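**Student:** See coords.cif below, with mmCIF, C-alpha atoms.
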data_upload
#
loop_
_atom_site.group_PDB
_atom_site.id
_atom_site.type_symbol
_atom_site.label_atom_id
_atom_site.label_comp_id
_atom_site.auth_asym_id
_atom_site.auth_seq_id
_atom_site.Cartn_x
_atom_site.Cartn_y
_atom_site.Cartn_z
ATOM 1 C CA MET A 225 143.787 47.530 107.794
ATOM 2 C CA GLN A 226 145.762 44.679 109.334
ATOM 3 C CA VAL A 227 143.794 42.063 111.244
ATOM 4 C CA LYS A 228 145.559 39.639 113.573
ATOM 5 C CA ARG A 229 144.196 37.055 115.979
ATOM 6 C CA LEU A 230 145.692 37.142 119.485
ATOM 7 C CA ASN A 231 145.233 36.257 123.129
ATOM 8 C CA TYR A 232 144.388 39.435 125.045
ATOM 9 C CA ARG A 233 144.071 39.628 128.824
ATOM 10 C CA GLY A 234 142.952 36.009 129.124
ATOM 11 C CA TRP A 235 140.638 35.858 126.109
ATOM 12 C CA PRO A 236 142.301 33.566 123.530
ATOM 13 C CA ASN A 237 140.176 34.605 120.546
ATOM 14 C CA CYS A 238 140.579 38.354 120.180
ATOM 15 C CA TYR A 239 141.385 40.266 116.997
ATOM 16 C CA ARG A 240 143.619 43.309 116.659
ATOM 17 C CA LEU A 241 142.778 45.812 113.926
ATOM 18 C CA SER A 242 145.543 48.283 113.090
ATOM 19 C CA ASN A 243 146.436 50.844 110.442
ATOM 20 C CA GLY A 244 149.830 51.653 111.963
ATOM 21 C CA VAL A 245 148.505 54.794 113.663
ATOM 22 C CA VAL A 246 145.825 53.423 115.984
ATOM 23 C CA ASP A 247 144.645 49.952 116.860
ATOM 24 C CA LEU A 248 141.523 48.308 118.247
ATOM 25 C CA ILE A 249 141.109 44.935 119.904
ATOM 26 C CA VAL A 250 137.746 43.187 119.719
ATOM 27 C CA THR A 251 136.696 40.176 121.761
ATOM 28 C CA THR A 252 134.950 37.133 120.313
ATOM 29 C CA ASP A 253 134.930 34.912 123.421
ATOM 30 C CA VAL A 254 132.417 37.424 124.821
ATOM 31 C CA GLY A 255 130.737 40.487 123.414
ATOM 32 C CA PRO A 256 130.396 42.195 121.104
ATOM 33 C CA ARG A 257 133.039 44.367 122.777
ATOM 34 C CA ILE A 258 135.819 46.649 121.617
ATOM 35 C CA ILE A 259 138.079 46.211 124.604
ATOM 36 C CA ARG A 260 140.911 48.460 123.384
ATOM 37 C CA PHE A 261 141.313 51.609 121.298
ATOM 38 C CA GLY A 262 144.385 53.806 121.234
ATOM 39 C CA PHE A 263 147.525 54.922 119.461
ATOM 40 C CA VAL A 264 149.736 51.983 118.506
ATOM 41 C CA GLY A 265 152.131 51.124 121.337
ATOM 42 C CA GLU A 266 150.452 53.508 123.779
ATOM 43 C CA LYS A 267 147.953 53.133 126.593
ATOM 44 C CA ASN A 268 144.368 52.060 126.109
ATOM 45 C CA GLU A 269 141.937 54.979 125.959
ATOM 46 C CA PHE A 270 139.299 52.636 127.393
ATOM 47 C CA PHE A 271 138.856 51.331 130.922
ATOM 48 C CA GLU A 272 139.490 47.624 131.503
ATOM 49 C CA ASP A 273 137.873 45.897 134.476
ATOM 50 C CA GLU A 274 140.696 43.826 135.933
ATOM 51 C CA LYS A 275 138.254 41.689 137.930
ATOM 52 C CA ALA A 276 136.403 40.567 134.802
ATOM 53 C CA LEU A 277 139.092 40.300 132.121
ATOM 54 C CA GLY A 278 139.331 36.849 130.606
ATOM 55 C CA LYS A 279 136.113 35.588 132.153
ATOM 56 C CA ARG A 280 133.484 33.852 130.048
ATOM 57 C CA GLY A 281 130.081 32.252 130.490
ATOM 58 C CA GLY A 282 127.612 32.519 133.331
ATOM 59 C CA ASN A 283 124.373 34.425 133.798
ATOM 60 C CA GLN A 284 125.779 37.516 135.525
ATOM 61 C CA TRP A 285 126.363 40.693 133.524
ATOM 62 C CA ARG A 286 129.981 41.884 133.751
ATOM 63 C CA MET A 287 131.439 45.308 133.130
ATOM 64 C CA TYR A 288 134.568 44.109 131.229
ATOM 65 C CA GLY A 289 135.169 47.695 130.069
ATOM 66 C CA GLY A 290 135.821 48.903 126.533
ATOM 67 C CA HIS A 291 132.974 49.825 124.200
ATOM 68 C CA ARG A 292 129.630 48.020 124.153
ATOM 69 C CA LEU A 293 126.162 48.158 122.626
ATOM 70 C CA TRP A 294 123.023 48.300 124.760
ATOM 71 C CA HIS A 295 119.357 49.027 124.134
ATOM 72 C CA ALA A 296 117.591 51.912 125.865
ATOM 73 C CA PRO A 297 115.772 52.777 128.034
ATOM 74 C CA GLU A 298 117.678 51.212 130.907
ATOM 75 C CA VAL A 299 115.581 48.675 132.809
ATOM 76 C CA GLU A 300 116.223 45.512 134.767
ATOM 77 C CA PRO A 301 116.636 42.793 133.642
ATOM 78 C CA ARG A 302 116.474 43.608 129.907
ATOM 79 C CA THR A 303 119.364 46.044 129.695
ATOM 80 C CA TYR A 304 121.667 43.829 131.728
ATOM 81 C CA SER A 305 121.365 40.715 129.593
ATOM 82 C CA PRO A 306 124.831 39.098 129.866
ATOM 83 C CA ASP A 307 127.172 39.295 126.873
ATOM 84 C CA ASN A 308 129.307 36.421 128.135
ATOM 85 C CA ALA A 309 128.955 34.064 125.154
ATOM 86 C CA PRO A 310 131.059 33.831 121.962
ATOM 87 C CA VAL A 311 130.267 36.131 119.034
ATOM 88 C CA LYS A 312 130.713 35.562 115.314
ATOM 89 C CA PHE A 313 133.604 37.401 113.636
ATOM 90 C CA GLU A 314 133.739 38.126 109.894
ATOM 91 C CA LYS A 315 135.956 40.190 107.602
ATOM 92 C CA ARG A 316 133.928 42.105 105.012
ATOM 93 C CA GLN A 317 135.418 44.397 102.348
ATOM 94 C CA GLY A 318 137.769 46.376 104.553
ATOM 95 C CA ALA A 319 135.555 46.097 107.616
ATOM 96 C CA VAL A 320 134.870 43.530 110.320
ATOM 97 C CA ARG A 321 131.537 42.324 111.630
ATOM 98 C CA LEU A 322 130.742 41.143 115.155
ATOM 99 C CA LEU A 323 127.429 39.314 115.619
ATOM 100 C CA GLN A 324 126.130 38.280 119.016
ATOM 101 C CA GLN A 325 123.911 35.296 119.639
ATOM 102 C CA VAL A 326 120.260 36.207 120.190
ATOM 103 C CA GLU A 327 119.727 37.248 123.788
ATOM 104 C CA PRO A 328 117.475 34.521 125.224
ATOM 105 C CA LYS A 329 115.616 36.830 127.619
ATOM 106 C CA THR A 330 114.995 39.698 125.179
ATOM 107 C CA GLY A 331 114.954 38.196 121.664
ATOM 108 C CA ILE A 332 117.366 40.967 120.595
ATOM 109 C CA GLN A 333 120.553 40.328 118.612
ATOM 110 C CA LYS A 334 123.436 42.828 118.705
ATOM 111 C CA GLU A 335 125.746 43.528 115.784
ATOM 112 C CA MET A 336 128.693 45.852 115.161
ATOM 113 C CA PHE A 337 130.435 46.775 111.910
ATOM 114 C CA LEU A 338 133.875 48.377 112.322
ATOM 115 C CA PHE A 339 135.697 50.273 109.590
ATOM 116 C CA LEU A 340 139.177 51.574 110.408
ATOM 117 C CA SER A 341 140.509 54.405 108.264
ATOM 118 C CA PRO A 342 143.539 53.288 106.189
ATOM 119 C CA ARG A 343 145.725 56.193 107.348
ATOM 120 C CA HIS A 344 144.060 58.223 110.092
ATOM 121 C CA ALA A 345 143.077 57.877 113.750
ATOM 122 C CA GLN A 346 139.460 57.425 112.746
ATOM 123 C CA VAL A 347 136.953 54.572 113.123
ATOM 124 C CA THR A 348 133.376 54.197 111.886
ATOM 125 C CA ILE A 349 131.183 51.883 113.949
ATOM 126 C CA THR A 350 127.705 50.852 112.895
ATOM 127 C CA HIS A 351 125.692 49.472 115.822
ATOM 128 C CA ARG A 352 122.671 47.386 114.914
ATOM 129 C CA LEU A 353 119.906 45.829 117.027
ATOM 130 C CA TRP A 354 117.869 43.028 115.446
ATOM 131 C CA ASN A 355 114.435 42.098 116.719
ATOM 132 C CA ARG A 356 114.216 38.289 116.616
ATOM 133 C CA ASN A 357 110.904 38.192 118.469
ATOM 134 C CA PRO A 358 107.603 37.355 116.731
ATOM 135 C CA TRP A 359 106.251 40.723 117.909
ATOM 136 C CA ALA A 360 107.269 44.376 117.569
ATOM 137 C CA ILE A 361 109.343 46.057 120.269
ATOM 138 C CA GLU A 362 110.260 49.658 121.087
ATOM 139 C CA LEU A 363 113.862 50.537 121.892
ATOM 140 C CA ALA A 364 116.797 52.771 121.036
ATOM 141 C CA PRO A 365 120.359 51.738 120.159
ATOM 142 C CA TRP A 366 122.745 52.887 122.846
ATOM 143 C CA ALA A 367 126.535 53.012 122.310
ATOM 144 C CA LEU A 368 128.664 53.243 125.462
ATOM 145 C CA SER A 369 132.408 53.920 125.558
ATOM 146 C CA VAL A 370 133.899 53.206 128.982
ATOM 147 C CA MET A 371 136.863 55.556 129.275
ATOM 148 C CA ALA A 372 140.022 55.124 131.355
ATOM 149 C CA PRO A 373 140.094 57.109 134.607
ATOM 150 C CA GLY A 374 141.468 60.580 135.168
ATOM 151 C CA GLY A 375 139.951 62.527 132.285
ATOM 152 C CA VAL A 376 137.149 64.986 131.591
ATOM 153 C CA ALA A 377 134.014 64.447 129.509
ATOM 154 C CA ILE A 378 132.879 67.364 127.351
ATOM 155 C CA ILE A 379 129.210 67.685 126.403
ATOM 156 C CA PRO A 380 128.208 70.624 124.160
ATOM 157 C CA LEU A 381 125.047 72.425 125.146
ATOM 158 C CA PRO A 382 122.555 73.600 122.506
ATOM 159 C CA PRO A 383 123.034 77.130 121.117
ATOM 160 C CA ARG A 384 122.367 79.806 123.717
ATOM 161 C CA GLY A 385 120.058 82.769 123.284
ATOM 162 C CA SER A 386 118.907 85.828 125.190
ATOM 163 C CA HIS A 387 115.876 87.200 127.021
ATOM 164 C CA PRO A 388 113.370 88.470 125.998
ATOM 165 C CA LYS A 389 114.158 87.501 122.419
ATOM 166 C CA ASP A 390 114.184 83.735 123.063
ATOM 167 C CA LEU A 391 111.206 82.989 125.288
ATOM 168 C CA PRO A 392 110.354 79.299 124.566
ATOM 169 C CA PRO A 393 112.454 76.513 126.154
ATOM 170 C CA SER A 394 115.109 75.249 123.769
ATOM 171 C CA SER A 395 116.583 72.033 125.168
ATOM 172 C CA THR A 396 116.518 69.401 127.897
ATOM 173 C CA LEU A 397 118.934 68.289 130.593
ATOM 174 C CA THR A 398 118.063 64.942 132.175
ATOM 175 C CA LEU A 399 118.896 64.171 135.798
ATOM 176 C CA TRP A 400 118.864 60.836 137.582
ATOM 177 C CA ALA A 401 117.824 60.356 141.197
ATOM 178 C CA TYR A 402 121.510 60.143 142.188
ATOM 179 C CA THR A 403 122.627 63.179 140.165
ATOM 180 C CA ASP A 404 124.084 65.899 142.407
ATOM 181 C CA LEU A 405 124.643 69.170 140.555
ATOM 182 C CA THR A 406 126.726 70.481 143.483
ATOM 183 C CA ASP A 407 129.293 67.686 143.099
ATOM 184 C CA SER A 408 132.729 69.202 142.467
ATOM 185 C CA ARG A 409 133.306 66.936 139.459
ATOM 186 C CA TRP A 410 130.816 69.015 137.456
ATOM 187 C CA THR A 411 131.716 72.234 135.689
ATOM 188 C CA TRP A 412 128.666 74.043 134.298
ATOM 189 C CA GLY A 413 129.496 76.490 131.555
ATOM 190 C CA ARG A 414 127.318 78.488 129.229
ATOM 191 C CA GLN A 415 128.341 76.406 126.198
ATOM 192 C CA TYR A 416 129.539 73.101 127.690
ATOM 193 C CA ALA A 417 128.975 70.719 130.577
ATOM 194 C CA LEU A 418 132.175 69.094 131.870
ATOM 195 C CA LEU A 419 132.349 65.994 134.065
ATOM 196 C CA ARG A 420 135.670 65.034 135.644
ATOM 197 C CA GLN A 421 136.481 61.429 136.547
ATOM 198 C CA ASP A 422 137.983 61.234 140.023
ATOM 199 C CA PRO A 423 139.088 57.898 141.561
ATOM 200 C CA ARG A 424 138.709 59.475 145.006
ATOM 201 C CA ALA A 425 135.001 60.236 144.491
ATOM 202 C CA PRO A 426 132.955 57.040 144.964
ATOM 203 C CA LYS A 427 129.437 58.363 144.353
ATOM 204 C CA PRO A 428 128.119 57.908 140.791
ATOM 205 C CA GLN A 429 127.044 60.903 138.706
ATOM 206 C CA LYS A 430 125.083 61.037 135.447
ATOM 207 C CA ILE A 431 123.297 63.429 133.121
ATOM 208 C CA GLY A 432 121.625 63.156 129.744
ATOM 209 C CA ALA A 433 121.241 65.937 127.200
ATOM 210 C CA SER A 434 119.837 66.746 123.817
ATOM 211 C CA VAL A 435 122.943 67.463 121.719
ATOM 212 C CA PRO A 436 122.027 68.746 118.257
ATOM 213 C CA ASP A 437 125.719 69.472 117.541
ATOM 214 C CA GLY A 438 126.206 65.702 117.254
ATOM 215 C CA TRP A 439 129.423 65.195 119.211
ATOM 216 C CA ALA A 440 130.869 64.461 122.630
ATOM 217 C CA ALA A 441 134.477 64.096 123.775
ATOM 218 C CA TYR A 442 136.828 62.900 126.503
ATOM 219 C CA ALA A 443 140.179 64.546 127.244
ATOM 220 C CA ARG A 444 142.823 62.685 129.208
ATOM 221 C CA ALA A 445 146.605 62.772 129.557
ATOM 222 C CA GLY A 446 147.115 64.923 126.456
ATOM 223 C CA HIS A 447 144.827 62.856 124.219
ATOM 224 C CA LEU A 448 141.361 63.795 122.981
ATOM 225 C CA PHE A 449 138.783 61.145 122.052
ATOM 226 C CA VAL A 450 135.918 62.546 119.976
ATOM 227 C CA LYS A 451 132.818 60.688 118.908
ATOM 228 C CA LYS A 452 130.423 62.137 116.360
ATOM 229 C CA PHE A 453 126.931 60.966 115.457
ATOM 230 C CA ASN A 454 123.764 62.116 113.744
ATOM 231 C CA HIS A 455 121.245 63.895 115.956
ATOM 232 C CA PHE A 456 117.748 63.923 114.451
ATOM 233 C CA ARG A 457 115.913 67.035 115.599
ATOM 234 C CA ASP A 458 112.381 65.728 114.991
ATOM 235 C CA ALA A 459 112.970 62.262 116.460
ATOM 236 C CA THR A 460 111.923 60.957 119.869
ATOM 237 C CA TYR A 461 114.801 60.043 122.190
ATOM 238 C CA ALA A 462 114.767 57.991 125.370
ATOM 239 C CA ASP A 463 115.444 59.459 128.815
ATOM 240 C CA PHE A 464 113.504 62.690 128.225
ATOM 241 C CA GLY A 465 115.145 63.461 124.914
ATOM 242 C CA SER A 466 118.767 62.471 125.542
ATOM 243 C CA SER A 467 121.018 61.830 122.543
ATOM 244 C CA VAL A 468 124.150 61.979 124.747
ATOM 245 C CA GLU A 469 124.675 60.720 128.276
ATOM 246 C CA THR A 470 127.693 60.581 130.559
ATOM 247 C CA PHE A 471 128.165 58.534 133.732
ATOM 248 C CA THR A 472 131.045 58.277 136.158
ATOM 249 C CA ASN A 473 132.042 56.471 139.321
ATOM 250 C CA LYS A 474 135.354 55.921 141.106
ATOM 251 C CA ASP A 475 136.623 53.530 138.405
ATOM 252 C CA MET A 476 135.776 55.050 135.024
ATOM 253 C CA LEU A 477 133.661 57.437 132.975
ATOM 254 C CA GLU A 478 131.251 56.575 130.156
ATOM 255 C CA VAL A 479 130.667 58.681 127.046
ATOM 256 C CA GLU A 480 127.381 57.456 125.579
ATOM 257 C CA THR A 481 125.338 58.297 122.501
ATOM 258 C CA LEU A 482 121.821 57.138 121.680
ATOM 259 C CA GLY A 483 119.817 56.759 118.516
ATOM 260 C CA PRO A 484 116.135 57.656 118.356
ATOM 261 C CA LEU A 485 113.517 55.572 120.147
ATOM 262 C CA VAL A 486 111.754 53.515 117.472
ATOM 263 C CA ARG A 487 109.361 50.623 117.017
ATOM 264 C CA VAL A 488 111.119 47.625 115.433
ATOM 265 C CA GLY A 489 109.041 44.908 113.796
ATOM 266 C CA PRO A 490 109.810 41.157 113.818
ATOM 267 C CA GLY A 491 112.930 40.424 111.793
ATOM 268 C CA GLU A 492 113.748 44.132 111.451
ATOM 269 C CA ALA A 493 116.719 46.086 112.759
ATOM 270 C CA VAL A 494 117.600 49.606 113.834
ATOM 271 C CA HIS A 495 121.103 51.053 113.516
ATOM 272 C CA HIS A 496 123.151 53.857 115.038
ATOM 273 C CA ILE A 497 126.530 55.056 113.710
ATOM 274 C CA GLU A 498 129.392 56.582 115.675
ATOM 275 C CA TYR A 499 132.515 58.140 114.166
ATOM 276 C CA TRP A 500 135.568 58.055 116.430
ATOM 277 C CA PHE A 501 138.599 60.344 116.253
ATOM 278 C CA LEU A 502 141.736 60.453 118.408
ATOM 279 C CA PHE A 503 144.057 63.446 118.720
ATOM 280 C CA ARG A 504 147.371 64.157 120.428
ATOM 281 C CA ALA A 505 148.646 67.190 122.326
ATOM 282 C CA VAL A 506 145.282 68.448 123.565
ATOM 283 C CA PRO A 507 145.218 69.913 127.108
ATOM 284 C CA VAL A 508 142.459 68.809 129.449
ATOM 285 C CA PRO A 509 139.982 71.730 129.586
ATOM 286 C CA SER A 510 138.499 73.147 132.769
ATOM 287 C CA ASN A 511 136.109 75.770 131.351
ATOM 288 C CA ASP A 512 134.322 76.969 128.217
ATOM 289 C CA ALA A 513 137.201 79.109 127.001
ATOM 290 C CA GLU A 514 139.636 76.194 127.139
ATOM 291 C CA VAL A 515 137.192 73.940 125.265
ATOM 292 C CA ASP A 516 136.847 76.579 122.563
ATOM 293 C CA ARG A 517 140.609 77.044 122.367
ATOM 294 C CA HIS A 518 141.830 73.433 122.464
ATOM 295 C CA VAL A 519 138.946 71.030 121.800
ATOM 296 C CA LEU A 520 136.611 72.733 119.347
ATOM 297 C CA PRO A 521 139.245 73.083 116.569
ATOM 298 C CA LYS A 522 139.837 69.311 116.739
ATOM 299 C CA VAL A 523 136.113 68.618 116.628
ATOM 300 C CA ARG A 524 135.747 70.822 113.552
ATOM 301 C CA ALA A 525 138.736 69.093 111.927
ATOM 302 C CA ALA A 526 137.156 65.677 112.507
ATOM 303 C CA ARG A 527 135.531 65.213 109.119
ATOM 304 C CA LEU A 528 133.036 62.428 108.567
ATOM 305 C CA PRO A 529 133.922 59.935 105.800
ATOM 306 C CA HIS A 530 131.187 61.179 103.458
ATOM 307 C CA SER A 531 131.823 64.910 104.034
#
Using structure tokens, write down the structure that the file contains.
**Tutor:**
Amino acid sequence: MQVKRLNYRGWPNCYRLSNGVVDLIVTTDVGPRIIRFGFVGEKNEFFEDEKALGKRGGNQWRMYGGHRLWHAPEVEPRTYSPDNAPVKFEKRQGAVRLLQQVEPKTGIQKEMFLFLSPRHAQVTITHRLWNRNPWAIELAPWALSVMAPGGVAIIPLPPRGSHPKDLPPSSTLTLWAYTDLTDSRWTWGRQYALLRQDPRAPKPQKIGASVPDGWAAYARAGHLFVKKFNHFRDATYADFGSSVETFTNKDMLEVETLGPLVRVGPGEAVHHIEYWFLFRAVPVPSNDAEVDRHVLPKVRAARLPHS
């Protein structure tokens, strides 16, 4: 892994991590944020908020874009604590560490560890939330990747069954007050839920789901971004049991995974790991059959580092 300091989009203290196949750029003037991820020399897979790039300081939360770490469930003002201050950057045995200052309004400290595969388009990211309060708190780590516009999110549904053999309910689908299931950006299959990002559609859409398969993906312009994670079947998840969520508006689409909702004591931390993979030459699917044909083989080929 090559690590190089650079000025990126107005932030003078960014670091580029590259293995010659893919690269990431992390910010240290604000964050922790991974503002870029993509094949070397090619477009960013992540959305970048042109209005916020290069800005620092202040008490207003900014989108910025890229990949960020939040804590669930989403509430004002806790969730929207600004990440506008510098973060600490360290190189550690083939990985890098980003450590945020303690959030003054929440007493929570955010941390990311990034490990880039030496040869493959694969990244392991450990997200950690530290409780720096003198009391216990309940939260869930929440990893959000803000994807560039024009693609389709792919959310696998739990295994299907049949009636009358399978009588008990088997899974949950969480809706927000602004969710419109008739919106044309949704495609509801038997095995997958698809959400298309459309710059011409201004109204936000969002769902959450229990995803025991432990993956979600985003297909765009011939590339496929896959994130894998551990889903714990007996754990309690925020937002009525959601381990995956996806949100879109006219600018971007978010592919989000959540860890279990846990009680964290003073000085303790909770972590959540995502494994990223990037593939070429994958058509954007429009139905279950196309996901099975083009996306699922890539997901199955995306082996975790310990497997």
**Student:** Run the PyMOL selection byres ((chain A and resi 331) around 12) mentally over the shown coordinates, then write out the matched residues as a ChimeraX atom specification, using the chain letters and numbers from the document.
**Tutor:** /A:295,302,305,324-330,332-334,353-361,488-492
**Student:** Show which residues sit within 10 Å of Gly234 (chain A), as a count of residues only. Count only C-alpha atoms, and ignore same-chain residues fewer than 6 positions away.
**Tutor:** 6
**Student:** Report as JSON lines: every residue of region 274-354 of chain A with an atom at most 12 Å from region 437-454 of chain A, its closest pair of atoms, and their distance in Å to one decimal, counting all atoms listed in the file, with rows sorted by chain and ascending residue number.
**Tutor:**
{"residue": "A:Ala345", "atom": "CA", "partner": "A:Phe449", "partner_atom": "CA", "distance": 9.9}
{"residue": "A:Gln346", "atom": "CA", "partner": "A:Val450", "partner_atom": "CA", "distance": 9.5}
{"residue": "A:Val347", "atom": "CA", "partner": "A:Lys451", "partner_atom": "CA", "distance": 9.4}
{"residue": "A:Thr348", "atom": "CA", "partner": "A:Lys451", "partner_atom": "CA", "distance": 9.6}
{"residue": "A:Ile349", "atom": "CA", "partner": "A:Phe453", "partner_atom": "CA", "distance": 10.1}
{"residue": "A:Thr350", "atom": "CA", "partner": "A:Phe453", "partner_atom": "CA", "distance": 10.5}
{"residue": "A:His351", "atom": "CA", "partner": "A:Phe453", "partner_atom": "CA", "distance": 11.6}
**Student:** Using all atoms listed in the file, which residues sit within 8 Å of Phe456 (chain A) once same-chain residues fewer than 3 positions away are excluded, as a compact mmCIF listing (two decimals) with C-alpha atoms, keeping the file's coordinate frame?
**Tutor:**
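Saved as selection.txt:
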# COMPACT_ATOMS: atom_id res chain seq x y z
CA PRO A 436 122.03 68.75 118.26
CA ALA A 459 112.97 62.26 116.46
CA PRO A 484 116.14 57.66 118.36
**Student:** Rounded to one decimal in Å, what is the spacing between CA of His518 (chain A) and CA of Trp366 (chain A)?
**Tutor:** 28.0 Å
**Student:** Between A:His291, A:Lys522, A:Arg517, A:Lys312, single out the one closest to Ala367 (chain A), counting all atoms listed in the file.
**Tutor:**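 Between A:His291, A:Lys522, A:Arg517, A:Lys312, the residue approaching Ala367 (chain A) most closely is A:His291.
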**Student:** Draw an axis-aligned box tight on the listed atoms of region 420-431 of chain A, then pad every side by 8 Å and write out centre and edge lengths in Å to one decimal as lines of an AutoDock Vina configuration file.
**Tutor:**
center_x = 131.2
center_y = 61.0
center_z = 139.1
size_x = 31.8
size_y = 24.0
size_z = 27.9
**Student:** Counting all atoms listed in the file, write as number ranges by chain all protein and nucleic acid residues lying at most 12 Å from (141.8, 49.9, 111.1) in the file's frame.
**Tutor:** A: 225-228, 239-250, 261-264, 315, 318-320, 337-349, 500
**Student:** Could you check how far CA of Arg260 (chain A) sits from CA of Arg292 (chain A), in Å to one decimal?
**Tutor:**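 Computing the Euclidean distance for CA of Arg260 (chain A) and CA of Arg292 (chain A) yields 11.3 Å.
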**Student:** Considering all atoms listed in the file, state which residue in the set A:Gly255, A:Glu335, A:Met371, A:Leu485 is at the smallest distance from Asp458 (chain A).
**Tutor:**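 Of A:Gly255, A:Glu335, A:Met371, A:Leu485, the one nearest Asp458 (chain A) is A:Leu485, counting all atoms listed in the file.
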**Student:** Residues at most 10 Å from Phe270 (chain A), counting all atoms listed in the file, excluding those fewer than 3 positions away in the same chain, as a PyMOL selection string?
**Tutor:** chain A and resi 258-262+267+273+289-291+369-373+476-478
**Student:** Write out as a list in words each polymer residue whose atoms come within 7 Å of Asp512 (chain A), counting only C-alpha atoms; drop sequence neighbours fewer than 3 positions from it.
**Tutor:**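 That gives Gly413, Gln415, Tyr416, Val515 and Asp516 of chain A.
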**Student:** Would you work out the distance separating CA of Asp407 (chain A) from CA of Ser395 (chain A), expressed in Å to one decimal?
**Tutor:**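 CA of Ser395 (chain A) lies 22.4 Å from CA of Asp407 (chain A).
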